[in-house]
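S.K.: Before we start, here is the structure in question, set down as structure tokens.
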Amino acid sequence: MQKAAPLSLHTKLALIITMIFWSSAFVGIRAGLEGYSPGALALFRFLVASLCMLILYVRLPADRPRVSHIDKIKLLLIGVLTLSTYHVFLNYGEISVSSGIASFIISQSPVITTVFAIFFLKERINIIGILGMVISIVGVTVIMLGQDGEFKFDLGNSFVLLSAVLGSLFAVVQKPFLKKYHGTDVTAYGMWGCALGLVFYFPALSHDIRHASTIATFSAVYLGIFPAALAYLAWSHILTVMPASRAANFLYFMPLLATLLGWFFLGEIPLWSSLAGGVVALIGLWVLNESYRWRLLGKNIIVEPS
């Protein structure tokens with residue numbers, strides 16, 4: 001097998017930026033919730049993110065494939081129905097769920113995306129992939145265990161898990177558009193649709209912004225600029241210089257980094273059982289990712305979707 005080329009300094013920097021900013025989003029949400037309601041925080045974040053995406057959008061090359069009017073409407077609706085609800089549920093979940101544990105649960109989105117892809121996109125999965133999914137489910141189950149070892153599917157965990165499902169659904173339904181159009185076009189219309197879907201939280205936002213602390217407001221602006229716009233730019237650069245499967249390996253560090261950031265900035269000390277469950281879930285995610293490499297090597301046993 002050919003050895004992977006060494007990463008350039010720019011690519012290493014882009015990886016660091018992406019991991020830090022995306023990991024910090026979970027901490028930023030917890031900080032923002034100190035002054036904003038979940039819906040108002042989501043709207044504030046995506047008003048800022050939408051403005052950032054508009055700046056990126058107008059700078060796109062003119063010779064790129066143009067998004068048709070009907071596809072613009074579809075992408076806006078996808079943003080309204082999936083992205084907006086994803087972020088509202090995630091914010092509600094983080095009222096009671098620590099930033100680190102929330103990141104471990106959200107990191108399972110690729111597992112859920114695989115399930116959606118099997119049934120809706122008719123993609124196939126091998127035995128190794130199924131094993132990875134089972135390991136991940138075990139890990140998430142351990143996260144759901146309370147300190148006394150009793151399974152507790154509480155409201156906060158439920159909201160975060162539901163947001164992971166919605167995020168995975170977004171990843172699946174936008175996939176056909178990414179084959180036709182520039183990634184920035186697809187992301188921009190999704191974010192604008194997200195902001196549109198959150199607009200009825202404007203009265204709450206206008207109230208909260210007058211009473212929120214400076215730190216909470218700074219956190220909301222930070223979420224819109226850095227984890228959304230700048231991290232997206234860095235990730236786009238990464239995907240131009242390395243395969244997505246290799247790039248995804250670096251994202252396994254994100255939940256651990258989010259846990260450390262939550263510990264340092266918010267004083268969140270996770271239960272050892274929850275932390276262990278998160279590590280098991282990440283191992284399952286790694287096994288699932290490795291299954292795609294096995295498929296490329298032709299060593300897989302295919303299981304067709306029913």
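Letters for chains follow the order of the structure tokens (A, B, ...), residue numbers begin at 1 for each chain, and ligand numbers begin at 1 in the order shown.
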Quick one: residues within 12 Å of stretch 195-199 of chain A, only C-alpha atoms counted, chain neighbours fewer than 5 positions away excluded, as a PDB file with N, CA and C atoms, in the first residue's frame?

M.R.:
```pdb
ATOM      1  N   PRO A  38     -32.310  28.558  24.572  1.00  0.00           N
ATOM      2  CA  PRO A  38     -31.785  27.705  23.493  1.00  0.00           C
ATOM      3  C   PRO A  38     -32.142  28.196  22.090  1.00  0.00           C
ATOM      4  N   GLY A  39     -33.398  28.596  21.882  1.00  0.00           N
ATOM      5  CA  GLY A  39     -33.797  29.066  20.562  1.00  0.00           C
ATOM      6  C   GLY A  39     -33.149  30.384  20.200  1.00  0.00           C
ATOM      7  N   ALA A  40     -33.082  31.314  21.142  1.00  0.00           N
ATOM      8  CA  ALA A  40     -32.470  32.617  20.884  1.00  0.00           C
ATOM      9  C   ALA A  40     -30.984  32.469  20.579  1.00  0.00           C
ATOM     10  N   LEU A  41     -30.295  31.581  21.301  1.00  0.00           N
ATOM     11  CA  LEU A  41     -28.869  31.356  21.060  1.00  0.00           C
ATOM     12  C   LEU A  41     -28.643  30.788  19.663  1.00  0.00           C
ATOM     13  N   ALA A  42     -29.487  29.834  19.259  1.00  0.00           N
ATOM     14  CA  ALA A  42     -29.354  29.247  17.928  1.00  0.00           C
ATOM     15  C   ALA A  42     -29.566  30.304  16.849  1.00  0.00           C
ATOM     16  N   LEU A  43     -30.583  31.155  17.014  1.00  0.00           N
ATOM     17  CA  LEU A  43     -30.845  32.206  16.029  1.00  0.00           C
ATOM     18  C   LEU A  43     -29.688  33.189  15.966  1.00  0.00           C
ATOM     19  N   PHE A  44     -29.209  33.649  17.106  1.00  0.00           N
ATOM     20  CA  PHE A  44     -28.087  34.581  17.152  1.00  0.00           C
ATOM     21  C   PHE A  44     -26.889  33.988  16.420  1.00  0.00           C
ATOM     22  N   ARG A  45     -26.574  32.738  16.741  1.00  0.00           N
ATOM     23  CA  ARG A  45     -25.418  32.078  16.123  1.00  0.00           C
ATOM     24  C   ARG A  45     -25.544  32.038  14.609  1.00  0.00           C
ATOM     25  N   PHE A  46     -26.733  31.722  14.101  1.00  0.00           N
ATOM     26  CA  PHE A  46     -26.851  31.531  12.657  1.00  0.00           C
ATOM     27  C   PHE A  46     -27.163  32.805  11.901  1.00  0.00           C
ATOM     28  N   LEU A  47     -27.538  33.860  12.581  1.00  0.00           N
ATOM     29  CA  LEU A  47     -27.540  35.164  11.931  1.00  0.00           C
ATOM     30  C   LEU A  47     -26.100  35.591  11.641  1.00  0.00           C
ATOM     31  N   VAL A  48     -25.222  35.365  12.629  1.00  0.00           N
ATOM     32  CA  VAL A  48     -23.806  35.673  12.431  1.00  0.00           C
ATOM     33  C   VAL A  48     -23.203  34.751  11.368  1.00  0.00           C
ATOM     34  N   ALA A  49     -23.490  33.441  11.466  1.00  0.00           N
ATOM     35  CA  ALA A  49     -22.942  32.479  10.512  1.00  0.00           C
ATOM     36  C   ALA A  49     -23.442  32.756   9.095  1.00  0.00           C
ATOM     37  N   SER A  50     -24.709  33.150   8.966  1.00  0.00           N
ATOM     38  CA  SER A  50     -25.284  33.441   7.644  1.00  0.00           C
ATOM     39  C   SER A  50     -24.587  34.625   6.995  1.00  0.00           C
ATOM     40  N   LEU A  51     -24.269  35.630   7.803  1.00  0.00           N
ATOM     41  CA  LEU A  51     -23.540  36.784   7.278  1.00  0.00           C
ATOM     42  C   LEU A  51     -22.148  36.376   6.814  1.00  0.00           C
ATOM     43  N   MET A  53     -21.255  33.382   5.786  1.00  0.00           N
ATOM     44  CA  MET A  53     -21.406  32.582   4.572  1.00  0.00           C
ATOM     45  C   MET A  53     -21.736  33.449   3.362  1.00  0.00           C
ATOM     46  N   LEU A  75     -32.767  23.204  -0.749  1.00  0.00           N
ATOM     47  CA  LEU A  75     -31.699  23.375   0.235  1.00  0.00           C
ATOM     48  C   LEU A  75     -32.148  24.263   1.391  1.00  0.00           C
ATOM     49  N   LEU A  76     -32.914  25.302   1.089  1.00  0.00           N
ATOM     50  CA  LEU A  76     -33.447  26.149   2.145  1.00  0.00           C
ATOM     51  C   LEU A  76     -34.377  25.354   3.063  1.00  0.00           C
ATOM     52  N   LEU A  77     -35.225  24.514   2.451  1.00  0.00           N
ATOM     53  CA  LEU A  77     -36.143  23.686   3.241  1.00  0.00           C
ATOM     54  C   LEU A  77     -35.385  22.668   4.080  1.00  0.00           C
ATOM     55  N   ILE A  78     -34.309  22.118   3.523  1.00  0.00           N
ATOM     56  CA  ILE A  78     -33.482  21.183   4.293  1.00  0.00           C
ATOM     57  C   ILE A  78     -32.906  21.886   5.513  1.00  0.00           C
ATOM     58  N   GLY A  79     -32.445  23.132   5.322  1.00  0.00           N
ATOM     59  CA  GLY A  79     -31.921  23.898   6.452  1.00  0.00           C
ATOM     60  C   GLY A  79     -32.983  24.183   7.495  1.00  0.00           C
ATOM     61  N   VAL A  80     -34.187  24.511   7.022  1.00  0.00           N
ATOM     62  CA  VAL A  80     -35.289  24.801   7.946  1.00  0.00           C
ATOM     63  C   VAL A  80     -35.659  23.574   8.759  1.00  0.00           C
ATOM     64  N   LEU A  81     -35.765  22.428   8.089  1.00  0.00           N
ATOM     65  CA  LEU A  81     -36.307  21.226   8.735  1.00  0.00           C
ATOM     66  C   LEU A  81     -35.274  20.419   9.510  1.00  0.00           C
ATOM     67  N   THR A  82     -33.996  20.527   9.156  1.00  0.00           N
ATOM     68  CA  THR A  82     -32.989  19.692   9.814  1.00  0.00           C
ATOM     69  C   THR A  82     -31.984  20.510  10.623  1.00  0.00           C
ATOM     70  N   LEU A  83     -31.313  21.469   9.996  1.00  0.00           N
ATOM     71  CA  LEU A  83     -30.273  22.209  10.704  1.00  0.00           C
ATOM     72  C   LEU A  83     -30.827  23.036  11.857  1.00  0.00           C
ATOM     73  N   SER A  84     -31.942  23.729  11.627  1.00  0.00           N
ATOM     74  CA  SER A  84     -32.490  24.578  12.687  1.00  0.00           C
ATOM     75  C   SER A  84     -32.914  23.735  13.891  1.00  0.00           C
ATOM     76  N   THR A  85     -33.596  22.627  13.621  1.00  0.00           N
ATOM     77  CA  THR A  85     -34.028  21.764  14.729  1.00  0.00           C
ATOM     78  C   THR A  85     -32.839  21.079  15.389  1.00  0.00           C
ATOM     79  N   TYR A  86     -31.825  20.740  14.605  1.00  0.00           N
ATOM     80  CA  TYR A  86     -30.610  20.147  15.156  1.00  0.00           C
ATOM     81  C   TYR A  86     -30.007  21.046  16.236  1.00  0.00           C
ATOM     82  N   HIS A  87     -29.850  22.319  15.921  1.00  0.00           N
ATOM     83  CA  HIS A  87     -29.183  23.222  16.850  1.00  0.00           C
ATOM     84  C   HIS A  87     -30.062  23.595  18.036  1.00  0.00           C
ATOM     85  N   VAL A  88     -31.373  23.683  17.829  1.00  0.00           N
ATOM     86  CA  VAL A  88     -32.250  23.959  18.964  1.00  0.00           C
ATOM     87  C   VAL A  88     -32.230  22.792  19.946  1.00  0.00           C
ATOM     88  N   ALA A 188     -24.025  27.236   2.314  1.00  0.00           N
ATOM     89  CA  ALA A 188     -24.597  28.568   2.491  1.00  0.00           C
ATOM     90  C   ALA A 188     -26.119  28.517   2.498  1.00  0.00           C
ATOM     91  N   TYR A 189     -26.705  27.836   1.522  1.00  0.00           N
ATOM     92  CA  TYR A 189     -28.166  27.770   1.477  1.00  0.00           C
ATOM     93  C   TYR A 189     -28.724  26.982   2.662  1.00  0.00           C
ATOM     94  N   GLY A 190     -27.980  25.977   3.112  1.00  0.00           N
ATOM     95  CA  GLY A 190     -28.405  25.246   4.305  1.00  0.00           C
ATOM     96  C   GLY A 190     -28.412  26.137   5.533  1.00  0.00           C
ATOM     97  N   ALA A 204     -37.581  36.352  21.457  1.00  0.00           N
ATOM     98  CA  ALA A 204     -36.771  35.872  22.577  1.00  0.00           C
ATOM     99  C   ALA A 204     -35.356  36.426  22.487  1.00  0.00           C
ATOM    100  N   LEU A 205     -34.811  36.479  21.264  1.00  0.00           N
ATOM    101  CA  LEU A 205     -33.464  37.008  21.080  1.00  0.00           C
ATOM    102  C   LEU A 205     -33.403  38.492  21.435  1.00  0.00           C
ATOM    103  N   SER A 206     -34.403  39.260  21.001  1.00  0.00           N
ATOM    104  CA  SER A 206     -34.410  40.696  21.302  1.00  0.00           C
ATOM    105  C   SER A 206     -34.510  40.945  22.806  1.00  0.00           C
ATOM    106  N   GLY A 224     -20.894  31.693  15.877  1.00  0.00           N
ATOM    107  CA  GLY A 224     -21.243  31.951  14.487  1.00  0.00           C
ATOM    108  C   GLY A 224     -20.033  32.142  13.591  1.00  0.00           C
TER     109      GLY A 224
END
```

S.K.: Contacts between stretch 265-288 of chain A and stretch 18-113 of chain A, please, where a residue of stretch 18-113 of chain A counts if it comes within 10 Å (with only C-alpha atoms); show its shortest atom pair and distance in Å to one decimal, rows by chain and ascending number, as JSON lines.

M.R.:
```
{"residue": "A:Val27", "atom": "CA", "partner": "A:Leu266", "partner_atom": "CA", "distance": 7.6}
{"residue": "A:Gly28", "atom": "CA", "partner": "A:Phe265", "partner_atom": "CA", "distance": 9.8}
{"residue": "A:Arg30", "atom": "CA", "partner": "A:Leu266", "partner_atom": "CA", "distance": 8.3}
{"residue": "A:Ala31", "atom": "CA", "partner": "A:Leu266", "partner_atom": "CA", "distance": 8.0}
{"residue": "A:Val97", "atom": "CA", "partner": "A:Glu268", "partner_atom": "CA", "distance": 10.0}
{"residue": "A:Ser98", "atom": "CA", "partner": "A:Glu268", "partner_atom": "CA", "distance": 6.6}
{"residue": "A:Ser99", "atom": "CA", "partner": "A:Glu268", "partner_atom": "CA", "distance": 8.0}
{"residue": "A:Gly100", "atom": "CA", "partner": "A:Pro270", "partner_atom": "CA", "distance": 7.5}
{"residue": "A:Ile101", "atom": "CA", "partner": "A:Ser274", "partner_atom": "CA", "distance": 7.2}
{"residue": "A:Ala102", "atom": "CA", "partner": "A:Gly278", "partner_atom": "CA", "distance": 9.8}
{"residue": "A:Ser103", "atom": "CA", "partner": "A:Gly278", "partner_atom": "CA", "distance": 9.0}
{"residue": "A:Phe104", "atom": "CA", "partner": "A:Gly278", "partner_atom": "CA", "distance": 5.4}
{"residue": "A:Ile105", "atom": "CA", "partner": "A:Gly278", "partner_atom": "CA", "distance": 7.6}
{"residue": "A:Ser107", "atom": "CA", "partner": "A:Leu282", "partner_atom": "CA", "distance": 7.7}
{"residue": "A:Gln108", "atom": "CA", "partner": "A:Leu285", "partner_atom": "CA", "distance": 6.9}
{"residue": "A:Ser109", "atom": "CA", "partner": "A:Leu285", "partner_atom": "CA", "distance": 9.3}
{"residue": "A:Pro110", "atom": "CA", "partner": "A:Leu285", "partner_atom": "CA", "distance": 7.5}
{"residue": "A:Val111", "atom": "CA", "partner": "A:Leu285", "partner_atom": "CA", "distance": 6.9}
```

S.K.: Atom CA of A:Leu257 and atom CA of A:Trp22 are how many Å apart?

M.R.: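 About the pair atom CA of A:Leu257 and atom CA of A:Trp22: they are 9.6 Å apart.
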
S.K.: Write out as a PyMOL selection string all residues of stretch 30-257 of chain A that DSSP puts in strand (DSSP E or B) for this structure's backbone.

M.R.: chain A and resi 125-126+145+151

S.K.: Those same residues - C-alpha atoms - I'd like them written as a PDB file, in the first residue's frame.

M.R.:
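Now in again-v8.pdb:
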```pdb
ATOM      1  CA  ILE A 125     -22.117  -2.042   4.613  1.00  0.00           C
ATOM      2  CA  ASN A 126     -19.730  -4.873   5.437  1.00  0.00           C
ATOM      3  CA  LEU A 145     -25.814   4.966  32.537  1.00  0.00           C
ATOM      4  CA  PHE A 151     -29.909   3.203  32.649  1.00  0.00           C
TER       5      PHE A 151
END
```

S.K.: As a ChimeraX atom specification, please: the residues near A:Ile20 (cut-off 10 Å, only C-alpha atoms, same-chain neighbours under 3 positions excluded).

M.R.: /A:14-17,23-25,226-227,231,253-254,257-258,261

S.K.: Can you pull out every residue within 10 Å of A:Lys180, counting only C-alpha atoms, but drop anything in the same chain fewer than 5 positions away, and send it as a short mmCIF file (atom, residue, chain, number, x, y, z; two decimals) with C-alpha atoms, in the first residue's frame?

M.R.:
```
data_model
loop_
_atom_site.label_atom_id
_atom_site.label_comp_id
_atom_site.auth_asym_id
_atom_site.auth_seq_id
_atom_site.Cartn_x
_atom_site.Cartn_y
_atom_site.Cartn_z
CA PRO A 65 -22.13 25.26 -11.58
CA ARG A 66 -25.05 27.48 -10.61
CA VAL A 67 -27.66 26.16 -8.20
CA LYS A 175 -25.27 14.47 -0.34
CA VAL A 186 -24.73 23.92 -0.52
#
```

S.K.: I'd like to know which of A:Pro203, A:Pro61, A:Gly35, A:Gly183 is closest to A:Thr217, using only C-alpha atoms.

M.R.: A:Gly35

S.K.: Which distance in Å separates atom CA of A:Phe200 and atom CA of A:Tyr232, to one decimal?

M.R.: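 Computing it gives 26.3 Å between the two atoms.
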
S.K.: Just to confirm, what's the straight-line distance from atom CA of A:Val134 to atom CA of A:Asn157 in Å (one decimal)?

M.R.: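 The value is 19.1 Å.
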
S.K.: A:Phe202, A:Trp192, A:Phe170, A:Tyr57: which is nearest A:Ser37, counting only C-alpha atoms?

M.R.: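 Closest to A:Ser37, using only C-alpha atoms: A:Phe202.
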
S.K.: Please give the complete set of residues from stretch 40-287 of chain A that DSSP, run on the backbone, assigns to alpha helix (DSSP H), formatted as a PyMOL selection string.

M.R.: chain A and resi 40-58+69-78+84-93+99-106+109-120+127-144+155-178+183-197+202-211+214-223+231-241+244-249+254-266+272-287
